$ cat protein37.cif   # mmCIF, C-alpha atoms
data_data
#
loop_
_atom_site.label_atom_id
_atom_site.label_comp_id
_atom_site.auth_asym_id
_atom_site.auth_seq_id
_atom_site.Cartn_x
_atom_site.Cartn_y
_atom_site.Cartn_z
CA MET A 16 65.85 -81.53 58.08
CA GLU A 17 65.81 -80.12 54.61
CA ASP A 18 67.58 -82.75 52.57
CA GLU A 19 66.79 -86.43 52.14
CA ASP A 20 70.41 -87.38 52.60
CA SER A 21 70.67 -86.06 56.16
CA LEU A 22 67.20 -87.34 57.00
CA ASN A 23 68.21 -90.89 56.06
CA ALA A 24 71.64 -90.89 57.77
CA HIS A 25 70.50 -92.89 60.82
CA GLY A 26 68.47 -95.29 58.70
CA ARG A 27 71.44 -95.95 56.42
CA LEU A 28 73.69 -96.66 59.43
CA ILE A 29 71.15 -99.16 60.79
CA GLU A 30 70.62 -100.85 57.41
CA ARG A 31 74.37 -101.10 56.82
CA THR A 32 74.91 -102.69 60.23
CA PHE A 33 71.82 -104.92 60.26
CA PRO A 34 70.94 -105.80 56.66
CA GLU A 35 67.78 -107.59 57.83
CA LEU A 36 66.27 -104.25 58.86
CA LYS A 37 64.77 -101.84 56.33
CA VAL A 38 64.36 -98.31 57.65
CA GLU A 39 62.08 -95.47 56.59
CA SER A 40 62.80 -92.11 58.22
CA ARG A 41 60.67 -89.14 59.22
CA CYS A 42 61.83 -85.89 60.77
CA ILE A 43 60.37 -83.93 63.70
CA GLU A 44 58.87 -80.89 61.99
CA ASP A 45 60.06 -77.33 62.56
CA GLN A 46 62.94 -78.17 64.91
CA PRO A 47 66.06 -77.56 62.80
CA PHE A 48 68.26 -77.59 65.94
CA GLY A 49 66.86 -80.93 67.14
CA ILE A 50 66.29 -81.78 70.80
CA TYR A 51 68.87 -80.19 73.07
CA ASP A 52 67.04 -79.26 76.31
CA LYS A 53 63.85 -79.96 78.27
CA GLU A 54 61.82 -77.37 76.35
CA SER A 55 62.79 -78.60 72.88
CA GLU A 56 62.04 -82.16 74.08
CA GLU A 57 58.53 -81.32 75.31
CA LYS A 58 57.84 -79.43 72.09
CA ALA A 59 58.89 -82.47 70.06
CA LYS A 60 56.82 -85.09 71.90
CA PRO A 61 53.39 -84.62 70.25
CA LYS A 62 55.06 -84.55 66.83
CA VAL A 63 56.94 -87.77 67.60
CA ILE A 64 53.71 -89.44 68.73
CA ARG A 65 51.94 -88.39 65.55
CA LEU A 66 54.72 -89.73 63.33
CA ALA A 67 54.98 -93.02 65.25
CA LYS A 68 51.25 -93.64 65.06
CA ALA A 69 51.40 -93.09 61.29
CA PHE A 70 54.19 -95.69 61.04
CA GLU A 71 52.11 -98.26 62.91
CA LYS A 72 49.08 -97.51 60.74
CA ASP A 73 51.31 -97.98 57.70
CA GLY A 74 52.13 -101.56 58.81
CA LYS A 75 55.67 -101.09 60.13
CA ASP A 76 56.97 -103.82 62.48
CA ALA A 77 58.63 -101.45 64.96
CA VAL A 78 59.35 -97.77 65.54
CA ILE A 79 62.77 -96.41 66.51
CA ILE A 80 62.90 -92.97 68.15
CA SER A 81 66.35 -91.91 67.05
CA CYS A 82 67.15 -89.42 69.80
CA ALA A 83 69.06 -90.28 72.99
CA ALA A 84 66.47 -88.47 75.13
CA ASP A 85 63.91 -91.11 74.09
CA PRO A 86 61.24 -88.42 73.58
CA ALA A 87 57.72 -89.89 73.93
CA VAL A 88 59.04 -93.48 74.02
CA LYS A 89 57.28 -94.46 77.27
CA GLU A 90 54.08 -92.72 76.18
CA LEU A 91 54.16 -94.49 72.81
CA ARG A 92 54.65 -97.93 74.37
CA LYS A 93 51.27 -97.47 76.06
CA VAL A 94 49.42 -96.63 72.85
CA LEU A 95 51.14 -98.62 70.08
CA LYS A 96 50.94 -102.38 69.60
CA ILE A 97 54.31 -102.61 67.80
CA PRO A 98 57.64 -102.34 69.69
CA VAL A 99 58.89 -98.79 70.33
CA ILE A 100 62.67 -98.58 70.65
CA GLY A 101 64.51 -95.57 72.07
CA ALA A 102 68.09 -94.80 71.11
CA GLY A 103 69.01 -93.63 74.63
CA SER A 104 67.62 -96.60 76.54
CA SER A 105 69.04 -99.00 73.90
CA ALA A 106 72.52 -97.55 74.33
CA ALA A 107 72.32 -97.72 78.14
CA LEU A 108 71.04 -101.31 78.15
CA LEU A 109 73.64 -102.47 75.64
CA ALA A 110 76.42 -100.81 77.66
CA LEU A 111 75.38 -102.73 80.79
CA GLU A 112 75.94 -106.01 78.95
CA VAL A 113 79.49 -104.84 78.18
CA GLY A 114 80.63 -103.68 81.61
CA ASP A 115 79.90 -102.27 85.05
CA SER A 116 81.40 -98.77 84.84
CA VAL A 117 79.92 -96.58 82.13
CA GLY A 118 80.91 -93.13 80.86
CA VAL A 119 78.63 -90.93 78.78
CA ILE A 120 79.67 -88.16 76.38
CA ASN A 121 76.78 -85.75 76.02
CA LEU A 122 75.80 -83.05 73.58
CA THR A 123 74.78 -80.37 76.07
CA GLU A 124 73.47 -80.25 79.62
CA GLU A 125 73.41 -83.49 81.57
CA THR A 126 73.06 -87.15 80.60
CA PRO A 127 69.56 -87.79 79.19
CA LYS A 128 67.25 -89.31 81.81
CA ALA A 129 66.50 -92.19 79.41
CA ILE A 130 70.16 -93.18 79.86
CA SER A 131 70.89 -92.17 83.48
CA GLU A 132 67.80 -93.89 84.93
CA ILE A 133 68.86 -97.22 83.45
CA LEU A 134 72.53 -96.85 84.36
CA GLY A 135 71.95 -95.78 87.98
CA ASN A 136 75.19 -96.27 89.92
CA HIS A 137 76.85 -97.65 86.80
CA LEU A 138 77.09 -94.12 85.41
CA VAL A 139 80.52 -93.13 86.72
CA VAL A 140 81.57 -90.24 84.44
CA GLU A 141 79.71 -87.79 82.24
CA ALA A 142 81.24 -85.10 80.07
CA LYS A 143 80.24 -82.70 77.31
CA PRO A 144 82.17 -80.69 74.76
CA LYS A 145 82.28 -77.08 76.00
CA ARG A 146 81.69 -75.32 72.71
CA VAL A 147 78.73 -77.37 71.50
CA LYS A 148 75.23 -75.93 71.97
CA ASN A 149 73.13 -78.06 69.59
CA THR A 150 73.42 -80.87 67.06
CA LEU A 151 74.54 -78.52 64.28
CA ASP A 152 77.66 -77.50 66.27
CA LEU A 153 78.75 -81.16 66.10
CA LEU A 154 79.57 -80.67 62.44
CA LYS A 155 82.50 -78.37 63.32
CA GLU A 156 85.95 -79.94 63.27
CA GLU A 157 86.83 -78.51 66.70
CA SER A 158 83.82 -80.29 68.24
CA LYS A 159 85.09 -83.64 67.02
CA GLU A 160 88.53 -82.94 68.45
CA GLU A 161 87.04 -82.00 71.81
CA ILE A 162 85.00 -85.21 71.91
CA ILE A 163 88.10 -87.30 71.22
CA LYS A 164 89.89 -85.53 74.09
CA LEU A 165 86.98 -86.16 76.45
CA ALA A 166 86.89 -89.86 75.56
CA LYS A 167 90.63 -90.27 76.10
CA GLU A 168 90.32 -88.71 79.57
CA MET A 169 87.34 -90.94 80.33
CA GLU A 170 88.66 -94.31 79.22
CA LYS A 171 90.84 -94.98 82.25
CA ASP A 172 87.79 -94.87 84.57
CA VAL A 173 85.23 -96.87 82.59
CA ASP A 174 84.57 -100.23 80.92
CA VAL A 175 82.53 -98.68 78.12
CA ILE A 176 81.61 -95.24 76.74
CA ILE A 177 78.14 -94.26 75.49
CA LEU A 178 77.66 -91.47 72.98
CA GLY A 179 74.76 -89.61 74.60
CA CYS A 180 73.42 -87.96 71.46
CA THR A 181 72.38 -89.48 68.12
CA GLY A 182 73.80 -86.42 66.39
CA MET A 183 77.15 -88.01 67.16
CA SER A 184 76.04 -91.02 65.10
CA THR A 185 75.27 -88.74 62.17
CA ILE A 186 78.85 -87.49 62.08
CA GLY A 187 80.43 -90.87 62.85
CA VAL A 188 82.04 -90.01 66.19
CA ALA A 189 82.10 -93.70 67.20
CA GLY A 190 84.34 -94.37 64.20
CA LEU A 191 86.80 -91.67 65.24
CA LEU A 192 86.83 -92.85 68.84
CA SER A 193 87.08 -96.58 68.28
CA LYS A 194 90.46 -96.08 66.63
CA ARG A 195 91.71 -93.90 69.49
CA VAL A 196 90.38 -95.33 72.76
CA ASN A 197 90.69 -98.81 74.22
CA VAL A 198 87.19 -99.32 75.60
CA PRO A 199 84.13 -100.17 73.50
CA ILE A 200 82.09 -97.19 72.25
CA VAL A 201 78.32 -97.59 72.17
CA ASP A 202 76.75 -95.67 69.31
CA PRO A 203 73.09 -94.92 70.19
CA VAL A 204 71.76 -95.38 66.64
CA VAL A 205 73.56 -98.71 66.16
CA ALA A 206 72.30 -99.72 69.63
CA SER A 207 68.71 -98.89 68.67
CA GLY A 208 69.03 -101.03 65.54
CA ALA A 209 70.49 -103.85 67.61
CA MET A 210 67.65 -103.71 70.14
CA THR A 211 65.05 -103.56 67.38
CA LEU A 212 66.46 -106.66 65.74
CA ALA A 213 66.73 -108.32 69.16
CA ILE A 214 63.09 -107.63 70.02
CA LEU A 215 61.71 -108.61 66.62
CA LYS A 216 63.84 -111.77 66.52
CA ASN A 217 62.94 -112.70 70.08
CA ILE A 218 59.27 -112.51 69.15
CA ASP A 219 59.77 -114.33 65.86
CA ALA A 220 62.03 -117.07 67.18
CA TRP A 221 59.09 -118.94 68.67
CA ARG A 222 56.18 -118.04 66.44
CA MET B 15 75.33 -133.51 79.34
CA GLU B 16 75.93 -136.86 77.77
CA ASP B 17 74.72 -136.41 74.22
CA GLU B 18 75.82 -133.92 71.58
CA ASP B 19 72.23 -133.16 70.62
CA SER B 20 71.25 -131.77 74.03
CA LEU B 21 74.59 -130.03 74.39
CA ASN B 22 74.00 -128.09 71.19
CA ALA B 23 70.35 -127.19 71.80
CA HIS B 24 71.05 -123.59 72.85
CA GLY B 25 73.61 -123.11 70.08
CA ARG B 26 71.13 -124.34 67.47
CA LEU B 27 68.45 -121.96 68.76
CA ILE B 28 70.88 -119.02 68.51
CA GLU B 29 72.10 -120.01 65.04
CA ARG B 30 68.56 -120.48 63.79
CA THR B 31 67.53 -117.05 65.08
CA PHE B 32 70.72 -115.18 64.15
CA PRO B 33 72.28 -116.88 61.12
CA GLU B 34 75.29 -114.55 61.33
CA LEU B 35 76.37 -116.22 64.58
CA LYS B 36 78.11 -119.58 64.63
CA VAL B 37 78.04 -121.27 68.05
CA GLU B 38 80.25 -123.93 69.57
CA SER B 39 79.02 -125.36 72.88
CA ARG B 40 80.73 -126.74 75.98
CA CYS B 41 79.10 -128.19 79.05
CA ILE B 42 79.88 -127.56 82.74
CA GLU B 43 81.43 -130.85 83.81
CA ASP B 44 79.92 -133.18 86.42
CA GLN B 45 76.74 -131.17 87.02
CA PRO B 46 74.02 -133.26 85.37
CA PHE B 47 71.28 -131.29 87.19
CA GLY B 48 72.66 -127.91 86.07
CA ILE B 49 72.66 -124.80 88.24
CA TYR B 50 69.58 -124.63 90.49
CA ASP B 51 70.75 -123.03 93.75
CA LYS B 52 73.60 -120.97 95.26
CA GLU B 53 75.75 -124.02 96.01
CA SER B 54 75.50 -125.49 92.51
CA GLU B 55 76.27 -122.03 91.11
CA GLU B 56 79.44 -121.59 93.18
CA LYS B 57 80.55 -125.09 92.26
CA ALA B 58 80.11 -124.26 88.57
CA LYS B 59 81.98 -120.96 88.50
CA PRO B 60 85.61 -122.18 88.25
CA LYS B 61 84.58 -124.64 85.54
CA VAL B 62 82.81 -121.88 83.60
CA ILE B 63 85.90 -119.66 83.87
CA ARG B 64 88.14 -122.46 82.59
CA LEU B 65 85.89 -123.14 79.59
CA ALA B 66 85.51 -119.44 78.72
CA LYS B 67 89.27 -118.88 78.83
CA ALA B 68 89.73 -121.80 76.47
CA PHE B 69 87.22 -120.26 74.04
CA GLU B 70 89.12 -116.95 74.04
CA LYS B 71 92.42 -118.76 73.52
CA ASP B 72 90.80 -120.62 70.62
CA GLY B 73 90.06 -117.29 68.86
CA LYS B 74 86.31 -116.98 69.50
CA ASP B 75 84.82 -113.46 69.12
CA ALA B 76 82.58 -113.66 72.21
CA VAL B 77 81.52 -116.05 74.96
CA ILE B 78 77.89 -116.62 75.96
CA ILE B 79 77.23 -118.07 79.42
CA SER B 80 73.97 -119.83 78.73
CA CYS B 81 72.51 -119.88 82.24
CA ALA B 82 70.13 -117.24 83.61
CA ALA B 83 72.16 -116.96 86.84
CA ASP B 84 75.06 -115.53 84.77
CA PRO B 85 77.58 -117.67 86.69
CA ALA B 86 81.07 -116.11 86.56
CA VAL B 87 80.01 -113.49 84.00
CA LYS B 88 81.23 -110.48 86.00
CA GLU B 89 84.45 -112.26 86.95
CA LEU B 90 85.09 -113.23 83.32
CA ARG B 91 84.57 -109.67 82.06
CA LYS B 92 87.55 -108.65 84.18
CA VAL B 93 89.88 -111.30 82.75
CA LEU B 94 88.81 -111.80 79.12
CA LYS B 95 89.37 -109.34 76.28
CA ILE B 96 86.40 -110.61 74.24
CA PRO B 97 82.78 -109.76 75.19
CA VAL B 98 81.19 -112.03 77.81
CA ILE B 99 77.41 -112.24 77.51
CA GLY B 100 75.15 -113.63 80.22
CA ALA B 101 71.72 -115.09 79.41
CA GLY B 102 70.13 -113.68 82.57
CA SER B 103 71.35 -110.10 82.19
CA SER B 104 70.60 -110.17 78.44
CA ALA B 105 67.00 -111.21 79.09
CA ALA B 106 66.54 -108.51 81.75
CA LEU B 107 68.04 -105.77 79.57
CA LEU B 108 66.01 -106.76 76.53
CA ALA B 109 62.81 -106.83 78.60
CA LEU B 110 63.42 -103.25 79.75
CA GLU B 111 63.41 -102.10 76.12
CA VAL B 112 59.99 -103.74 75.74
CA GLY B 113 58.17 -102.36 78.77
CA ASP B 114 58.16 -101.06 82.33
CA SER B 115 56.50 -103.88 84.26
CA VAL B 116 58.29 -107.20 84.04
CA GLY B 117 57.30 -110.66 85.26
CA VAL B 118 59.75 -113.55 85.64
CA ILE B 119 58.96 -117.26 85.58
CA ASN B 120 61.69 -119.10 87.45
CA LEU B 121 62.88 -122.67 87.67
CA THR B 122 63.25 -122.90 91.45
CA GLU B 123 63.86 -120.54 94.32
CA GLU B 124 63.86 -116.82 93.58
CA THR B 125 64.63 -114.73 90.47
CA PRO B 126 68.38 -114.95 89.65
CA LYS B 127 70.26 -111.91 90.95
CA ALA B 128 71.64 -111.34 87.42
CA ILE B 129 68.05 -110.56 86.44
CA SER B 130 66.61 -108.92 89.57
CA GLU B 131 69.51 -106.48 90.00
CA ILE B 132 68.95 -105.08 86.51
CA LEU B 133 65.16 -104.99 86.77
CA GLY B 134 65.01 -103.30 90.20
CA ASN B 135 61.51 -101.88 90.69
CA HIS B 136 60.53 -103.04 87.23
CA LEU B 137 60.31 -106.63 88.54
CA VAL B 138 56.64 -106.72 89.55
CA VAL B 139 55.80 -110.46 89.66
CA GLU B 140 57.86 -113.61 90.04
CA ALA B 141 56.55 -117.16 90.02
CA LYS B 142 57.85 -120.72 89.81
CA PRO B 143 56.26 -124.06 88.99
CA LYS B 144 55.69 -125.91 92.26
CA ARG B 145 56.72 -129.37 91.19
CA VAL B 146 59.98 -128.46 89.47
CA LYS B 147 63.23 -128.98 91.39
CA ASN B 148 65.86 -128.84 88.63
CA THR B 149 66.23 -128.48 84.87
CA LEU B 150 65.46 -132.16 84.24
CA ASP B 151 61.99 -131.80 85.79
CA LEU B 152 61.20 -129.28 83.04
CA LEU B 153 61.02 -132.16 80.57
CA LYS B 154 57.84 -133.48 82.22
CA GLU B 155 54.55 -132.58 80.51
CA GLU B 156 52.98 -131.41 83.80
CA SER B 157 55.79 -128.85 84.25
CA LYS B 158 55.00 -127.26 80.89
CA GLU B 159 51.31 -127.07 81.79
CA GLU B 160 52.10 -125.42 85.10
CA ILE B 161 54.33 -122.82 83.40
CA ILE B 162 51.55 -121.95 80.93
CA LYS B 163 49.15 -121.49 83.88
CA LEU B 164 51.65 -119.20 85.67
CA ALA B 165 52.14 -117.06 82.56
CA LYS B 166 48.41 -116.67 82.02
CA GLU B 167 47.99 -115.47 85.61
CA MET B 168 50.93 -113.11 85.21
CA GLU B 169 50.08 -111.45 81.88
CA LYS B 170 47.43 -109.07 83.24
CA ASP B 171 49.99 -107.39 85.53
CA VAL B 172 53.00 -107.05 83.23
CA ASP B 173 54.19 -105.65 79.88
CA VAL B 174 56.59 -108.53 79.27
CA ILE B 175 57.49 -111.94 80.75
CA ILE B 176 61.05 -113.25 81.12
CA LEU B 177 61.78 -116.96 81.28
CA GLY B 178 64.19 -117.05 84.21
CA CYS B 179 65.97 -120.29 83.28
CA THR B 180 67.68 -121.32 80.05
CA GLY B 181 66.41 -124.86 80.61
CA MET B 182 63.07 -123.39 79.51
CA SER B 183 64.73 -122.48 76.20
CA THR B 184 65.87 -126.09 75.76
CA ILE B 185 62.28 -127.33 75.89
CA GLY B 186 60.82 -124.42 73.90
CA VAL B 187 58.59 -122.93 76.59
CA ALA B 188 58.59 -119.52 74.83
CA GLY B 189 57.00 -121.18 71.81
CA LEU B 190 54.21 -122.67 73.93
CA LEU B 191 53.61 -119.37 75.73
CA SER B 192 53.73 -116.98 72.78
CA LYS B 193 50.66 -118.71 71.33
CA ARG B 194 48.76 -118.49 74.63
CA VAL B 195 49.59 -115.15 76.26
CA ASN B 196 49.27 -111.62 74.93
CA VAL B 197 52.50 -110.05 76.20
CA PRO B 198 55.95 -110.63 74.66
CA ILE B 199 57.97 -113.54 76.11
CA VAL B 200 61.71 -113.02 76.47
CA ASP B 201 63.63 -116.26 75.99
CA PRO B 202 67.00 -115.98 77.77
CA VAL B 203 68.97 -117.91 75.14
CA VAL B 204 67.53 -115.90 72.25
CA ALA B 205 68.21 -112.75 74.30
CA SER B 206 71.85 -113.76 74.80
CA GLY B 207 72.26 -114.31 71.05
CA ALA B 208 70.64 -110.93 70.39
CA MET B 209 72.97 -109.14 72.82
CA THR B 210 76.00 -110.93 71.39
CA LEU B 211 75.13 -109.83 67.88
CA ALA B 212 74.37 -106.33 69.18
CA ILE B 213 77.75 -106.02 70.91
CA LEU B 214 79.77 -107.48 68.04
CA LYS B 215 77.91 -105.36 65.47
CA ASN B 216 78.23 -102.22 67.57
CA ILE B 217 81.98 -102.74 67.68
CA ASP B 218 82.18 -103.63 63.99
CA ALA B 219 79.91 -100.87 62.72
CA TRP B 220 82.65 -98.32 63.02
CA ARG B 221 85.82 -100.32 62.51
#

$ encode --input "protein37.cif" --output "structure tokens"
Amino acid sequence: MEDEDSLNAHGRLIERTFPELKVESRCIEDQPFGIYDKESEEKAKPKVIRLAKAFEKDGKDAVIISCAADPAVKELRKVLKIPVIGAGSSAALLALEVGDSVGVINLTEETPKAISEILGNHLVVEAKPKRVKNTLDLLKEESKEEIIKLAKEMEKDVDVIILGCTGMSTIGVAGLLSKRVNVPIVDPVVASGAMTLAILKNIDAWR
Amino acid sequence: MEDEDSLNAHGRLIERTFPELKVESRCIEDQPFGIYDKESEEKAKPKVIRLAKAFEKDGKDAVIISCAADPAVKELRKVLKIPVIGAGSSAALLALEVGDSVGVINLTEETPKAISEILGNHLVVEAKPKRVKNTLDLLKEESKEEIIKLAKEMEKDVDVIILGCTGMSTIGVAGLLSKRVNVPIVDPVVASGAMTLAILKNIDAWR
């Protein structure tokens, strides 16, 4: 990302929702279109690991990987001492505390494995906007309209809907949807903040 | 429970950890030994449903069922409009955001289904103190010592340990363990507070 404002969008959303958390953001270098398929995910992993290690060295209490594919999250948990929270797994876990039948609205391709592995049989519908190819396409007005349509079709079959891409958090899709559909919407960035607070508080509660 | 102080123990722990949450507690009637097997769980369910419905009617934002067996949680989610959070499922979900290999220390019998169903293959060790038959036995000093011993045996095989009974929250077992073992301890009552805050905040973030 080129500008500070976009870079800090997820951090601002987390800080606004959980004032106890202070967030510092770093961007995966040289991937202006983000992570949108297996290849772009594999390319991102070593960069994510490098950035996360630097955060730990800098004394941070936890690292959030703010992408629903949870790139390098499992690898990082083996090498870092601080908690490593993935946006995808956080969203899936939070959804399972809301209901049994879960729908996922994806960016492209299929539901990220970080989400589908946790949901298992609880994943009952998945959908993706036809005209979206990467996170930048989400900024178009027609993409938002398509996502709203998908959610309205989905709501009759599910207890809860997960947004399967943190790019949807950047543009506030959960805000659009929560006014238009009758099931709870799980925003992956908010979910990652919630799980971070949960893990840090769970550790602290008894220290 | 006969005295207000014991009745409010879980609520106080949640309020202390998450000051944004205010908790009002009710007790399952006529079950002084709590829920400790299938029969006592079935007996409790209609009483739990009655109490939870009264909370919703009274305008509460969410209901926490503070027992690791999650009695009546799935049934309640079908009938209540407000979120219904179970201590067992919350602990299991939170543990999965911490690591892959999970151990559970139980009160009696086996790991509650509310926990084992979520963990699946991630449940790698379960143990229970030999001389404990119900939640009241947890108050004995020898029970605490046995639980510490179980956790120390377990820690080499797991990334995280769940306390599989909220009676262990009442007596502060997580506090004893977190000073003595090197893996995070998930307290089911703290976990239920964390998931409640997460769900309410996730809904509110975009309203």

$ interface_residues --input "protein37.cif" --of "chain B" --to "chain A" --cutoff "7 Å" --atoms "all atoms listed in the file" --output "PDB file with C-alpha atoms, in the frame of the given file"
ATOM      1  CA  THR B  31      67.530-117.050  65.080  1.00  0.00           C
ATOM      2  CA  PRO B  97      82.780-109.760  75.190  1.00  0.00           C
ATOM      3  CA  ILE B  99      77.410-112.240  77.510  1.00  0.00           C
ATOM      4  CA  SER B 103      71.350-110.100  82.190  1.00  0.00           C
ATOM      5  CA  SER B 104      70.600-110.170  78.440  1.00  0.00           C
ATOM      6  CA  LEU B 107      68.040-105.770  79.570  1.00  0.00           C
ATOM      7  CA  GLU B 111      63.410-102.100  76.120  1.00  0.00           C
ATOM      8  CA  VAL B 112      59.990-103.740  75.740  1.00  0.00           C
ATOM      9  CA  ALA B 188      58.590-119.520  74.830  1.00  0.00           C
ATOM     10  CA  GLY B 189      57.000-121.180  71.810  1.00  0.00           C
ATOM     11  CA  SER B 192      53.730-116.980  72.780  1.00  0.00           C
ATOM     12  CA  PRO B 198      55.950-110.630  74.660  1.00  0.00           C
ATOM     13  CA  VAL B 200      61.710-113.020  76.470  1.00  0.00           C
ATOM     14  CA  ASP B 201      63.630-116.260  75.990  1.00  0.00           C
ATOM     15  CA  VAL B 204      67.530-115.900  72.250  1.00  0.00           C
ATOM     16  CA  ALA B 205      68.210-112.750  74.300  1.00  0.00           C
ATOM     17  CA  ALA B 208      70.640-110.930  70.390  1.00  0.00           C
ATOM     18  CA  ALA B 212      74.370-106.330  69.180  1.00  0.00           C
ATOM     19  CA  LYS B 215      77.910-105.360  65.470  1.00  0.00           C
ATOM     20  CA  ASN B 216      78.230-102.220  67.570  1.00  0.00           C
ATOM     21  CA  ILE B 217      81.980-102.740  67.680  1.00  0.00           C
ATOM     22  CA  ALA B 219      79.910-100.870  62.720  1.00  0.00           C
ATOM     23  CA  TRP B 220      82.650 -98.320  63.020  1.00  0.00           C
ATOM     24  CA  ARG B 221      85.820-100.320  62.510  1.00  0.00           C
TER      25      ARG B 221
END

$ atom_distance --input "protein37.cif" --atom1 "atom CA of Val38 of chain A" --atom2 "atom CA of Ala106 of chain A"
18.6 Å

$ residues_near_point --input "protein37.cif" --point "(90.3, -112.5, 72.2)" --cutoff "12 Å" --atoms "only C-alpha atoms" --output "list in words"
Ala66, Lys67, Ala68, Phe69, Glu70, Lys71, Asp72, Gly73, Lys74, Asp75, Ala76, Val77, Arg91, Val93, Leu94, Lys95, Ile96, Pro97 and Val98 of chain B

$ residues_near_point --input "protein37.cif" --point "(84.4, -90.5, 78.3)" --cutoff "9 Å" --atoms "only C-alpha atoms" --output "PyMOL selection string"
chain A and resi 117-120+140-143+162-173+175-178

$ write_last_selection --input "protein37.cif" --atoms "C-alpha atoms" --output "mmCIF file, keeping the file's coordinate frame"
data_model
loop_
_atom_site.group_PDB
_atom_site.id
_atom_site.type_symbol
_atom_site.label_atom_id
_atom_site.label_comp_id
_atom_site.auth_asym_id
_atom_site.auth_seq_id
_atom_site.Cartn_x
_atom_site.Cartn_y
_atom_site.Cartn_z
ATOM 1 C CA VAL A 117 79.920 -96.580 82.130
ATOM 2 C CA GLY A 118 80.910 -93.130 80.860
ATOM 3 C CA VAL A 119 78.630 -90.930 78.780
ATOM 4 C CA ILE A 120 79.670 -88.160 76.380
ATOM 5 C CA VAL A 140 81.570 -90.240 84.440
ATOM 6 C CA GLU A 141 79.710 -87.790 82.240
ATOM 7 C CA ALA A 142 81.240 -85.100 80.070
ATOM 8 C CA LYS A 143 80.240 -82.700 77.310
ATOM 9 C CA ILE A 162 85.000 -85.210 71.910
ATOM 10 C CA ILE A 163 88.100 -87.300 71.220
ATOM 11 C CA LYS A 164 89.890 -85.530 74.090
ATOM 12 C CA LEU A 165 86.980 -86.160 76.450
ATOM 13 C CA ALA A 166 86.890 -89.860 75.560
ATOM 14 C CA LYS A 167 90.630 -90.270 76.100
ATOM 15 C CA GLU A 168 90.320 -88.710 79.570
ATOM 16 C CA MET A 169 87.340 -90.940 80.330
ATOM 17 C CA GLU A 170 88.660 -94.310 79.220
ATOM 18 C CA LYS A 171 90.840 -94.980 82.250
ATOM 19 C CA ASP A 172 87.790 -94.870 84.570
ATOM 20 C CA VAL A 173 85.230 -96.870 82.590
ATOM 21 C CA VAL A 175 82.530 -98.680 78.120
ATOM 22 C CA ILE A 176 81.610 -95.240 76.740
ATOM 23 C CA ILE A 177 78.140 -94.260 75.490
ATOM 24 C CA LEU A 178 77.660 -91.470 72.980
#

$ atom_distance --input "protein37.cif" --atom1 "atom CA of Lys60 of chain A" --atom2 "atom CA of Gly26 of chain A"
20.3 Å

$ atom_distance --input "protein37.cif" --atom1 "atom CA of Lys36 of chain B" --atom2 "atom CA of Gly181 of chain B"
20.5 Å

$ closest_residue --input "protein37.cif" --among "B:Ile78, B:Val62, B:Gly178, B:Ser183" --to "Gly102 of chain B" --atoms "all atoms listed in the file"
B:Gly178

$ resolve_selection --input "protein37.cif" --expression "the PyMOL selection byres ((chain B and resi 47) around 10)" --output "list in words"
Met15, Asp44, Gln45, Pro46, Gly48, Ile49, Tyr50, Ser54, Lys147, Asn148, Thr149, Leu150 and Asp151 of chain B

$ residues_around --input "protein37.cif" --residues "Leu153 of chain B" --least-positions-apart "5" --cutoff "10 Å" --atoms "only C-alpha atoms" --output "PDB file with C-alpha atoms, keeping the file's coordinate frame"
ATOM      1  CA  VAL B 146      59.980-128.460  89.470  1.00  0.00           C
ATOM      2  CA  ASN B 148      65.860-128.840  88.630  1.00  0.00           C
ATOM      3  CA  LYS B 158      55.000-127.260  80.890  1.00  0.00           C
ATOM      4  CA  GLY B 181      66.410-124.860  80.610  1.00  0.00           C
ATOM      5  CA  MET B 182      63.070-123.390  79.510  1.00  0.00           C
ATOM      6  CA  THR B 184      65.870-126.090  75.760  1.00  0.00           C
ATOM      7  CA  ILE B 185      62.280-127.330  75.890  1.00  0.00           C
TER       8      ILE B 185
END

$ closest_residue --input "protein37.cif" --among "A:Arg195, A:His137, A:Lys58, A:Lys145" --to "Ile43 of chain A" --atoms "all atoms listed in the file"
A:Lys58
